[in-house]
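A.B. asks: Submitted below is the structure of interest, expressed as structure tokens.
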Amino acid sequence: MDNYYVTIGLEVHCQLLTTTKMFCRCKTDYFGKAPNTLVCPVCLGLPGSLPVLNEQALRLAILTAQALNCRILPRVVFHRKNYFYPDLPKGYQISQYDLPIGVEGKIEFDFKGNREAVRIKRVHAEEDAGKLVHEGLNLPFGCSGVDFNRCGIPLVEIVTEPDLHSPEEARECLVMLRNVVRYIGVSDGNMEEGSLRCDANVSVSPSPEKMGTKVEVKNMNSFRSVFRALRYEVDRQVELLEKGESLYQETRHWDEARGITLSARGKEEAEDYRYFPDPDLLPITLEDSFLKEIKAAISELPLTRKERLMIEHELPENEANILVQDKTLADFFEEALKEFNQPRLLCNWMLTEVLKNLNEAGIDITESKVSPQQLAELLRMIDKGEISGTIAKGVLEEMFTTGLDAREIVSKKGISLISNEKELEKVVLEVVEKNPQSVADYLSGKEKALHFLIGQVMKETKGQANPEIVKDILLKKLASEE
Ligand SMILES: [Zn+2]
């Protein structure tokens, strides 16, 4: 395995966040809709219908190319990519060929402590095809249906150069691509729902000078399956080469359930598609002012944000990384920080308790009933010693289910931190009497016994005691026992 050089390139399709399709006015929110309810003569390719370009789709495709540091070509030309498939009623897909939106870009990400840069070969815009449906819909046995709702959905295709050298690295690159399209708001990048799809070219070779035979792997529906499929494919190719067999250029499908790739067909070349400029769509010349206006919308990208969080708020790299993986999570953090300026503590709570509650509810932060301001208030209450951390965890849980403020929950339940020393002394005395062994242990120098005793007091007071005060009283009491 170590004697082989792995080369991987990615081809990613992202569904653009427009409200209508690329060349007609049909709506794009097809997910979960009844088949063939979002169609019209244009996206069904009926004779005599003419496409009209959706300006927003063009803007989002340009924005993607700009965010990936591409050189933007001044002329936009759409080509017809001809092929026959039942989900493509026109018999061709409107795509781009020799003049994509952007070329020669770059995407950077951190991998195993290094900053990696992968070249972007091209970014182009195209329309999606429909979908074959093989089950459900009361189809007669052995029959498949066609759902044209997805026909004409605007896509941006991002093609990287083969600069990746392991399945892990390819996955990291894909995660960063997903984060970039989310940060700039061009796509929701949801792999499970198919709004982000990834194909990969994989080859292995015994020599770094010469690339091996390229095999294309398709049909990977999650980051995990991208990783598994690439790992499987690398192993398969190495095994064949070891046996002295040769590989041939082909397209293989990932079978998630069986964990293997299967040969689908020989690989087509561009000339098989008989590309030609679409006579229904005139070329568009992009003005500088138009490009500048689009570029102005690029907000801070994930890597820059991570570095800023590390410098401005002294967050450790790992934590900063988890926050910026999800733009909405990082936004939440920075909102809460405005009202509770202890970044480390806040980050800690976000990455443990907040994420735990979100996971349990199966929602993401945008669906949370707890606002950044409410979280900040809860943390302020701990900071002021009004409630203990243990109590706060329970309060946060309730905030997640009810949406109430921490203060409301605390007063409704009559929770307050017992700071009254007289009251605590009584409990401490009881605990000391009940645990003579631990007391003796502590007196003979076992520090751990002290934690145990504090824990017992916290238990007796149902977590409502102020642990700092408990410790003080306990130490005084133990000193008098000596
Ligand atoms: Zn339509």
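Going through the structure tokens in order, the chains are called A, B, and so on, while each chain numbers its residues from 1 and the ligands are numbered from 1 in the order shown.
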Enumerate, as a count of residues only, the complete set of residues in segment 135-288 of chain A that a backbone-based DSSP assignment places in strand (DSSP E).

C.D. replies: 43

A.B. asks: Enumerate, in order of chain and increasing residue number, the residues of chain A with an atom no farther than 6 Å from ligand 1, each with its shortest atom pair and distance in Å to one decimal, counting only C-alpha atoms and all ligand atoms, as JSON lines.

C.D. replies:
```
{"residue": "A:Cys24", "atom": "CA", "partner": "ligand 1", "partner_atom_place_in_ligand_line": "1 (Zn)", "distance": 4.7}
{"residue": "A:Arg25", "atom": "CA", "partner": "ligand 1", "partner_atom_place_in_ligand_line": "1 (Zn)", "distance": 5.8}
{"residue": "A:Cys26", "atom": "CA", "partner": "ligand 1", "partner_atom_place_in_ligand_line": "1 (Zn)", "distance": 4.3}
{"residue": "A:Val39", "atom": "CA", "partner": "ligand 1", "partner_atom_place_in_ligand_line": "1 (Zn)", "distance": 4.4}
{"residue": "A:Cys40", "atom": "CA", "partner": "ligand 1", "partner_atom_place_in_ligand_line": "1 (Zn)", "distance": 3.9}
{"residue": "A:Val42", "atom": "CA", "partner": "ligand 1", "partner_atom_place_in_ligand_line": "1 (Zn)", "distance": 5.2}
{"residue": "A:Cys43", "atom": "CA", "partner": "ligand 1", "partner_atom_place_in_ligand_line": "1 (Zn)", "distance": 4.1}
```

A.B. asks: How would the residues just picked look written out with C-alpha atoms as a PDB file, in the first residue's frame?

C.D. replies:
```pdb
ATOM      1  CA  CYS A  24     -38.178  28.875 -16.406  1.00  0.00           C
ATOM      2  CA  ARG A  25     -40.361  30.117 -13.534  1.00  0.00           C
ATOM      3  CA  CYS A  26     -41.079  26.743 -11.913  1.00  0.00           C
ATOM      4  CA  VAL A  39     -42.967  21.419 -14.313  1.00  0.00           C
ATOM      5  CA  CYS A  40     -43.765  23.530 -17.379  1.00  0.00           C
ATOM      6  CA  VAL A  42     -39.668  24.770 -20.807  1.00  0.00           C
ATOM      7  CA  CYS A  43     -38.277  22.342 -18.237  1.00  0.00           C
TER       8      CYS A  43
END
```

A.B. asks: Excluding segment 355-365 of chain A and its own-chain neighbours fewer than 3 positions away, which residues fall within 12 Å of it when counting only C-alpha atoms? Please give them as a short mmCIF file (atom, residue, chain, number, x, y, z; two decimals) with N, CA and C atoms, in the first residue's frame.

C.D. replies:
```cif
data_model
loop_
_atom_site.label_atom_id
_atom_site.label_comp_id
_atom_site.auth_asym_id
_atom_site.auth_seq_id
_atom_site.Cartn_x
_atom_site.Cartn_y
_atom_site.Cartn_z
N ILE A 322 -14.34 23.48 15.27
CA ILE A 322 -15.69 22.92 15.37
C ILE A 322 -16.73 24.03 15.19
N LEU A 323 -16.48 25.19 15.79
CA LEU A 323 -17.43 26.30 15.68
C LEU A 323 -17.61 26.73 14.22
N ASP A 326 -19.75 25.02 11.13
CA ASP A 326 -21.16 25.33 10.93
C ASP A 326 -21.33 26.83 11.13
N LYS A 327 -21.57 27.53 10.04
CA LYS A 327 -21.64 29.00 10.11
C LYS A 327 -22.64 29.46 11.16
N THR A 328 -23.80 28.79 11.22
CA THR A 328 -24.83 29.25 12.13
C THR A 328 -24.40 29.06 13.60
N LEU A 329 -23.58 28.04 13.84
CA LEU A 329 -23.08 27.80 15.20
C LEU A 329 -22.11 28.92 15.59
N ALA A 330 -21.22 29.26 14.66
CA ALA A 330 -20.25 30.33 14.92
C ALA A 330 -20.97 31.67 15.08
N ASP A 331 -22.03 31.88 14.28
CA ASP A 331 -22.80 33.13 14.42
C ASP A 331 -23.43 33.21 15.81
N PHE A 332 -23.98 32.08 16.26
CA PHE A 332 -24.62 32.02 17.57
C PHE A 332 -23.59 32.37 18.66
N PHE A 333 -22.43 31.77 18.54
CA PHE A 333 -21.35 32.02 19.50
C PHE A 333 -21.02 33.51 19.58
N CYS A 347 -17.57 29.06 24.79
CA CYS A 347 -17.26 28.06 23.77
C CYS A 347 -17.44 26.65 24.36
N ASN A 348 -16.96 26.49 25.59
CA ASN A 348 -17.11 25.22 26.29
C ASN A 348 -18.56 24.79 26.39
N TRP A 349 -19.39 25.72 26.82
CA TRP A 349 -20.81 25.41 26.95
C TRP A 349 -21.46 25.11 25.61
N MET A 350 -21.05 25.87 24.59
CA MET A 350 -21.61 25.64 23.25
C MET A 350 -21.28 24.23 22.77
N LEU A 351 -20.00 23.84 22.93
CA LEU A 351 -19.56 22.58 22.33
C LEU A 351 -19.94 21.36 23.17
N THR A 352 -20.32 21.57 24.43
CA THR A 352 -20.76 20.41 25.21
C THR A 352 -22.27 20.45 25.39
N SER A 368 -33.29 26.10 17.24
CA SER A 368 -33.29 26.07 18.69
C SER A 368 -34.21 27.14 19.28
N LYS A 369 -34.86 26.79 20.41
CA LYS A 369 -35.73 27.76 21.08
C LYS A 369 -34.91 28.71 21.96
N VAL A 370 -33.64 28.36 22.18
CA VAL A 370 -32.79 29.18 23.03
C VAL A 370 -32.03 30.19 22.17
N SER A 371 -32.15 31.47 22.51
CA SER A 371 -31.44 32.49 21.73
C SER A 371 -30.04 32.69 22.32
N PRO A 372 -29.13 33.30 21.54
CA PRO A 372 -27.79 33.59 22.08
C PRO A 372 -27.87 34.44 23.34
N LYS A 393 -27.02 23.23 34.04
CA LYS A 393 -27.20 22.25 32.97
C LYS A 393 -28.67 21.82 32.86
N GLY A 394 -29.29 21.60 34.03
CA GLY A 394 -30.70 21.22 34.04
C GLY A 394 -31.57 22.36 33.53
N VAL A 395 -31.20 23.59 33.94
CA VAL A 395 -31.98 24.75 33.50
C VAL A 395 -31.91 24.88 31.98
N LEU A 396 -30.71 24.68 31.43
CA LEU A 396 -30.54 24.80 29.97
C LEU A 396 -31.41 23.78 29.24
N GLU A 397 -31.45 22.55 29.80
CA GLU A 397 -32.29 21.52 29.19
C GLU A 397 -33.73 22.00 29.09
N GLU A 398 -34.19 22.61 30.20
CA GLU A 398 -35.56 23.08 30.22
C GLU A 398 -35.76 24.27 29.27
N MET A 399 -34.73 25.11 29.16
CA MET A 399 -34.81 26.23 28.21
C MET A 399 -34.99 25.69 26.80
N PHE A 400 -34.31 24.60 26.49
CA PHE A 400 -34.41 24.02 25.15
C PHE A 400 -35.81 23.49 24.86
N THR A 401 -36.48 22.94 25.89
CA THR A 401 -37.81 22.41 25.60
C THR A 401 -38.90 23.48 25.68
#
```

A.B. asks: Between segment 173-214 of chain A and segment 221-238 of chain A, at 9 Å or less, what are the per-residue closest atom pairs and their distances in Å? Count only C-alpha atoms, order by chain and rising residue number, and return it as JSON lines.

C.D. replies:
```
{"residue": "A:Leu174", "atom": "CA", "partner": "A:Phe223", "partner_atom": "CA", "distance": 7.8}
{"residue": "A:Val175", "atom": "CA", "partner": "A:Phe223", "partner_atom": "CA", "distance": 7.6}
{"residue": "A:Asn190", "atom": "CA", "partner": "A:Ser222", "partner_atom": "CA", "distance": 8.9}
{"residue": "A:Met191", "atom": "CA", "partner": "A:Ser222", "partner_atom": "CA", "distance": 5.5}
{"residue": "A:Glu192", "atom": "CA", "partner": "A:Asn221", "partner_atom": "CA", "distance": 5.8}
{"residue": "A:Glu193", "atom": "CA", "partner": "A:Asn221", "partner_atom": "CA", "distance": 8.4}
{"residue": "A:Gly194", "atom": "CA", "partner": "A:Asn221", "partner_atom": "CA", "distance": 7.2}
{"residue": "A:Leu196", "atom": "CA", "partner": "A:Asn221", "partner_atom": "CA", "distance": 8.5}
{"residue": "A:Arg197", "atom": "CA", "partner": "A:Asn221", "partner_atom": "CA", "distance": 6.8}
{"residue": "A:Cys198", "atom": "CA", "partner": "A:Val226", "partner_atom": "CA", "distance": 7.6}
{"residue": "A:Asp199", "atom": "CA", "partner": "A:Val226", "partner_atom": "CA", "distance": 8.4}
{"residue": "A:Ala200", "atom": "CA", "partner": "A:Leu230", "partner_atom": "CA", "distance": 8.0}
{"residue": "A:Val202", "atom": "CA", "partner": "A:Val234", "partner_atom": "CA", "distance": 7.2}
{"residue": "A:Ser203", "atom": "CA", "partner": "A:Val234", "partner_atom": "CA", "distance": 7.3}
{"residue": "A:Val204", "atom": "CA", "partner": "A:Gln237", "partner_atom": "CA", "distance": 6.7}
{"residue": "A:Ser205", "atom": "CA", "partner": "A:Val238", "partner_atom": "CA", "distance": 8.3}
```

A.B. asks: Using N, CA and C atoms, can you write the selected residues to a file as a PDB file, in the first residue's frame?

C.D. replies:
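Once everything was written out, this is part-v1.pdb:
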```
ATOM      1  N   LEU A 174     -13.672  18.293   0.708  1.00  0.00           N
ATOM      2  CA  LEU A 174     -15.103  18.364   0.426  1.00  0.00           C
ATOM      3  C   LEU A 174     -15.842  19.108   1.538  1.00  0.00           C
ATOM      4  N   VAL A 175     -15.448  18.852   2.786  1.00  0.00           N
ATOM      5  CA  VAL A 175     -16.078  19.541   3.913  1.00  0.00           C
ATOM      6  C   VAL A 175     -15.860  21.051   3.756  1.00  0.00           C
ATOM      7  N   ASN A 190     -26.566  20.437   1.467  1.00  0.00           N
ATOM      8  CA  ASN A 190     -27.045  19.279   2.216  1.00  0.00           C
ATOM      9  C   ASN A 190     -26.887  17.987   1.393  1.00  0.00           C
ATOM     10  N   MET A 191     -25.891  17.173   1.753  1.00  0.00           N
ATOM     11  CA  MET A 191     -25.614  15.963   0.971  1.00  0.00           C
ATOM     12  C   MET A 191     -26.744  14.946   1.043  1.00  0.00           C
ATOM     13  N   GLU A 192     -27.347  14.815   2.232  1.00  0.00           N
ATOM     14  CA  GLU A 192     -28.383  13.799   2.409  1.00  0.00           C
ATOM     15  C   GLU A 192     -29.591  14.101   1.518  1.00  0.00           C
ATOM     16  N   GLU A 193     -29.897  15.386   1.320  1.00  0.00           N
ATOM     17  CA  GLU A 193     -31.043  15.738   0.486  1.00  0.00           C
ATOM     18  C   GLU A 193     -30.646  15.916  -0.975  1.00  0.00           C
ATOM     19  N   GLY A 194     -29.376  15.700  -1.259  1.00  0.00           N
ATOM     20  CA  GLY A 194     -28.940  15.747  -2.656  1.00  0.00           C
ATOM     21  C   GLY A 194     -28.635  17.141  -3.171  1.00  0.00           C
ATOM     22  N   LEU A 196     -26.032  18.741  -2.443  1.00  0.00           N
ATOM     23  CA  LEU A 196     -24.597  18.714  -2.734  1.00  0.00           C
ATOM     24  C   LEU A 196     -24.256  17.277  -3.102  1.00  0.00           C
ATOM     25  N   ARG A 197     -23.704  17.087  -4.298  1.00  0.00           N
ATOM     26  CA  ARG A 197     -23.347  15.737  -4.738  1.00  0.00           C
ATOM     27  C   ARG A 197     -21.874  15.712  -5.127  1.00  0.00           C
ATOM     28  N   CYS A 198     -21.241  14.594  -4.827  1.00  0.00           N
ATOM     29  CA  CYS A 198     -19.807  14.538  -5.097  1.00  0.00           C
ATOM     30  C   CYS A 198     -19.451  13.277  -5.880  1.00  0.00           C
ATOM     31  N   ASP A 199     -18.739  13.468  -6.972  1.00  0.00           N
ATOM     32  CA  ASP A 199     -18.134  12.357  -7.702  1.00  0.00           C
ATOM     33  C   ASP A 199     -16.633  12.518  -7.534  1.00  0.00           C
ATOM     34  N   ALA A 200     -15.911  11.414  -7.695  1.00  0.00           N
ATOM     35  CA  ALA A 200     -14.461  11.527  -7.519  1.00  0.00           C
ATOM     36  C   ALA A 200     -13.733  10.711  -8.571  1.00  0.00           C
ATOM     37  N   VAL A 202     -10.347   8.639  -9.094  1.00  0.00           N
ATOM     38  CA  VAL A 202      -9.319   8.027  -8.261  1.00  0.00           C
ATOM     39  C   VAL A 202      -8.352   7.244  -9.137  1.00  0.00           C
ATOM     40  N   SER A 203      -7.073   7.364  -8.871  1.00  0.00           N
ATOM     41  CA  SER A 203      -6.111   6.495  -9.531  1.00  0.00           C
ATOM     42  C   SER A 203      -4.972   6.187  -8.578  1.00  0.00           C
ATOM     43  N   VAL A 204      -4.360   5.025  -8.760  1.00  0.00           N
ATOM     44  CA  VAL A 204      -3.172   4.696  -7.979  1.00  0.00           C
ATOM     45  C   VAL A 204      -2.067   4.336  -8.964  1.00  0.00           C
ATOM     46  N   SER A 205      -0.848   4.608  -8.542  1.00  0.00           N
ATOM     47  CA  SER A 205       0.271   4.354  -9.441  1.00  0.00           C
ATOM     48  C   SER A 205       1.500   4.010  -8.618  1.00  0.00           C
TER      49      SER A 205
END
```

A.B. asks: Write out as a list in words the residues lying within 12 Å of Glu250 of chain A, counting only C-alpha atoms and excluding same-chain residues fewer than 5 positions away.

C.D. replies: Ala200, Asn201, Val202, Ser203, Thr213, Lys214, Val215, Glu216, Val217, Lys218, Thr261, Leu262, Ser263, Ala264, Arg265, Gly266, Lys267, Glu268 and Glu269 of chain A

A.B. asks: Filtering to C-alpha atoms, could you give me those residues as a PDB file, in the first residue's frame?

C.D. replies:
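Output file out26.pdb follows:
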```pdb
ATOM      1  CA  ALA A 200     -14.461  11.527  -7.519  1.00  0.00           C
ATOM      2  CA  ASN A 201     -11.697  10.477  -9.883  1.00  0.00           C
ATOM      3  CA  VAL A 202      -9.319   8.027  -8.261  1.00  0.00           C
ATOM      4  CA  SER A 203      -6.111   6.495  -9.531  1.00  0.00           C
ATOM      5  CA  THR A 213      -5.681   4.760 -14.777  1.00  0.00           C
ATOM      6  CA  LYS A 214      -8.463   7.113 -13.753  1.00  0.00           C
ATOM      7  CA  VAL A 215     -11.644   5.563 -12.373  1.00  0.00           C
ATOM      8  CA  GLU A 216     -14.691   7.716 -11.668  1.00  0.00           C
ATOM      9  CA  VAL A 217     -16.733   6.907  -8.561  1.00  0.00           C
ATOM     10  CA  LYS A 218     -20.327   8.141  -8.294  1.00  0.00           C
ATOM     11  CA  THR A 261     -18.048  -0.017  -5.925  1.00  0.00           C
ATOM     12  CA  LEU A 262     -19.559  -1.652  -8.997  1.00  0.00           C
ATOM     13  CA  SER A 263     -18.695  -1.093 -12.622  1.00  0.00           C
ATOM     14  CA  ALA A 264     -21.415   0.966 -14.290  1.00  0.00           C
ATOM     15  CA  ARG A 265     -20.104   1.779 -17.748  1.00  0.00           C
ATOM     16  CA  GLY A 266     -17.042   2.752 -19.712  1.00  0.00           C
ATOM     17  CA  LYS A 267     -16.125   6.390 -19.259  1.00  0.00           C
ATOM     18  CA  GLU A 268     -17.452   8.816 -21.888  1.00  0.00           C
ATOM     19  CA  GLU A 269     -15.209  11.453 -23.369  1.00  0.00           C
TER      20      GLU A 269
END
```

A.B. asks: Name all residues at most 8 Å from Glu135 of chain A (count only C-alpha atoms; drop same-chain ones fewer than 3 positions away) and give them as a PyMOL selection string.

C.D. replies: chain A and resi 138-139+144

A.B. asks: Store the residues picked out above in a file with C-alpha atoms, as a CSV table (one decimal), in the first residue's frame.

C.D. replies:
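Ended up saving to out-v1.csv:
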```
chain,number,residue,atom,x,y,z
A,138,ASN,CA,-47.8,2.2,-6.7
A,139,LEU,CA,-45.7,1.4,-9.8
A,144,SER,CA,-39.9,2.7,-13.0
```
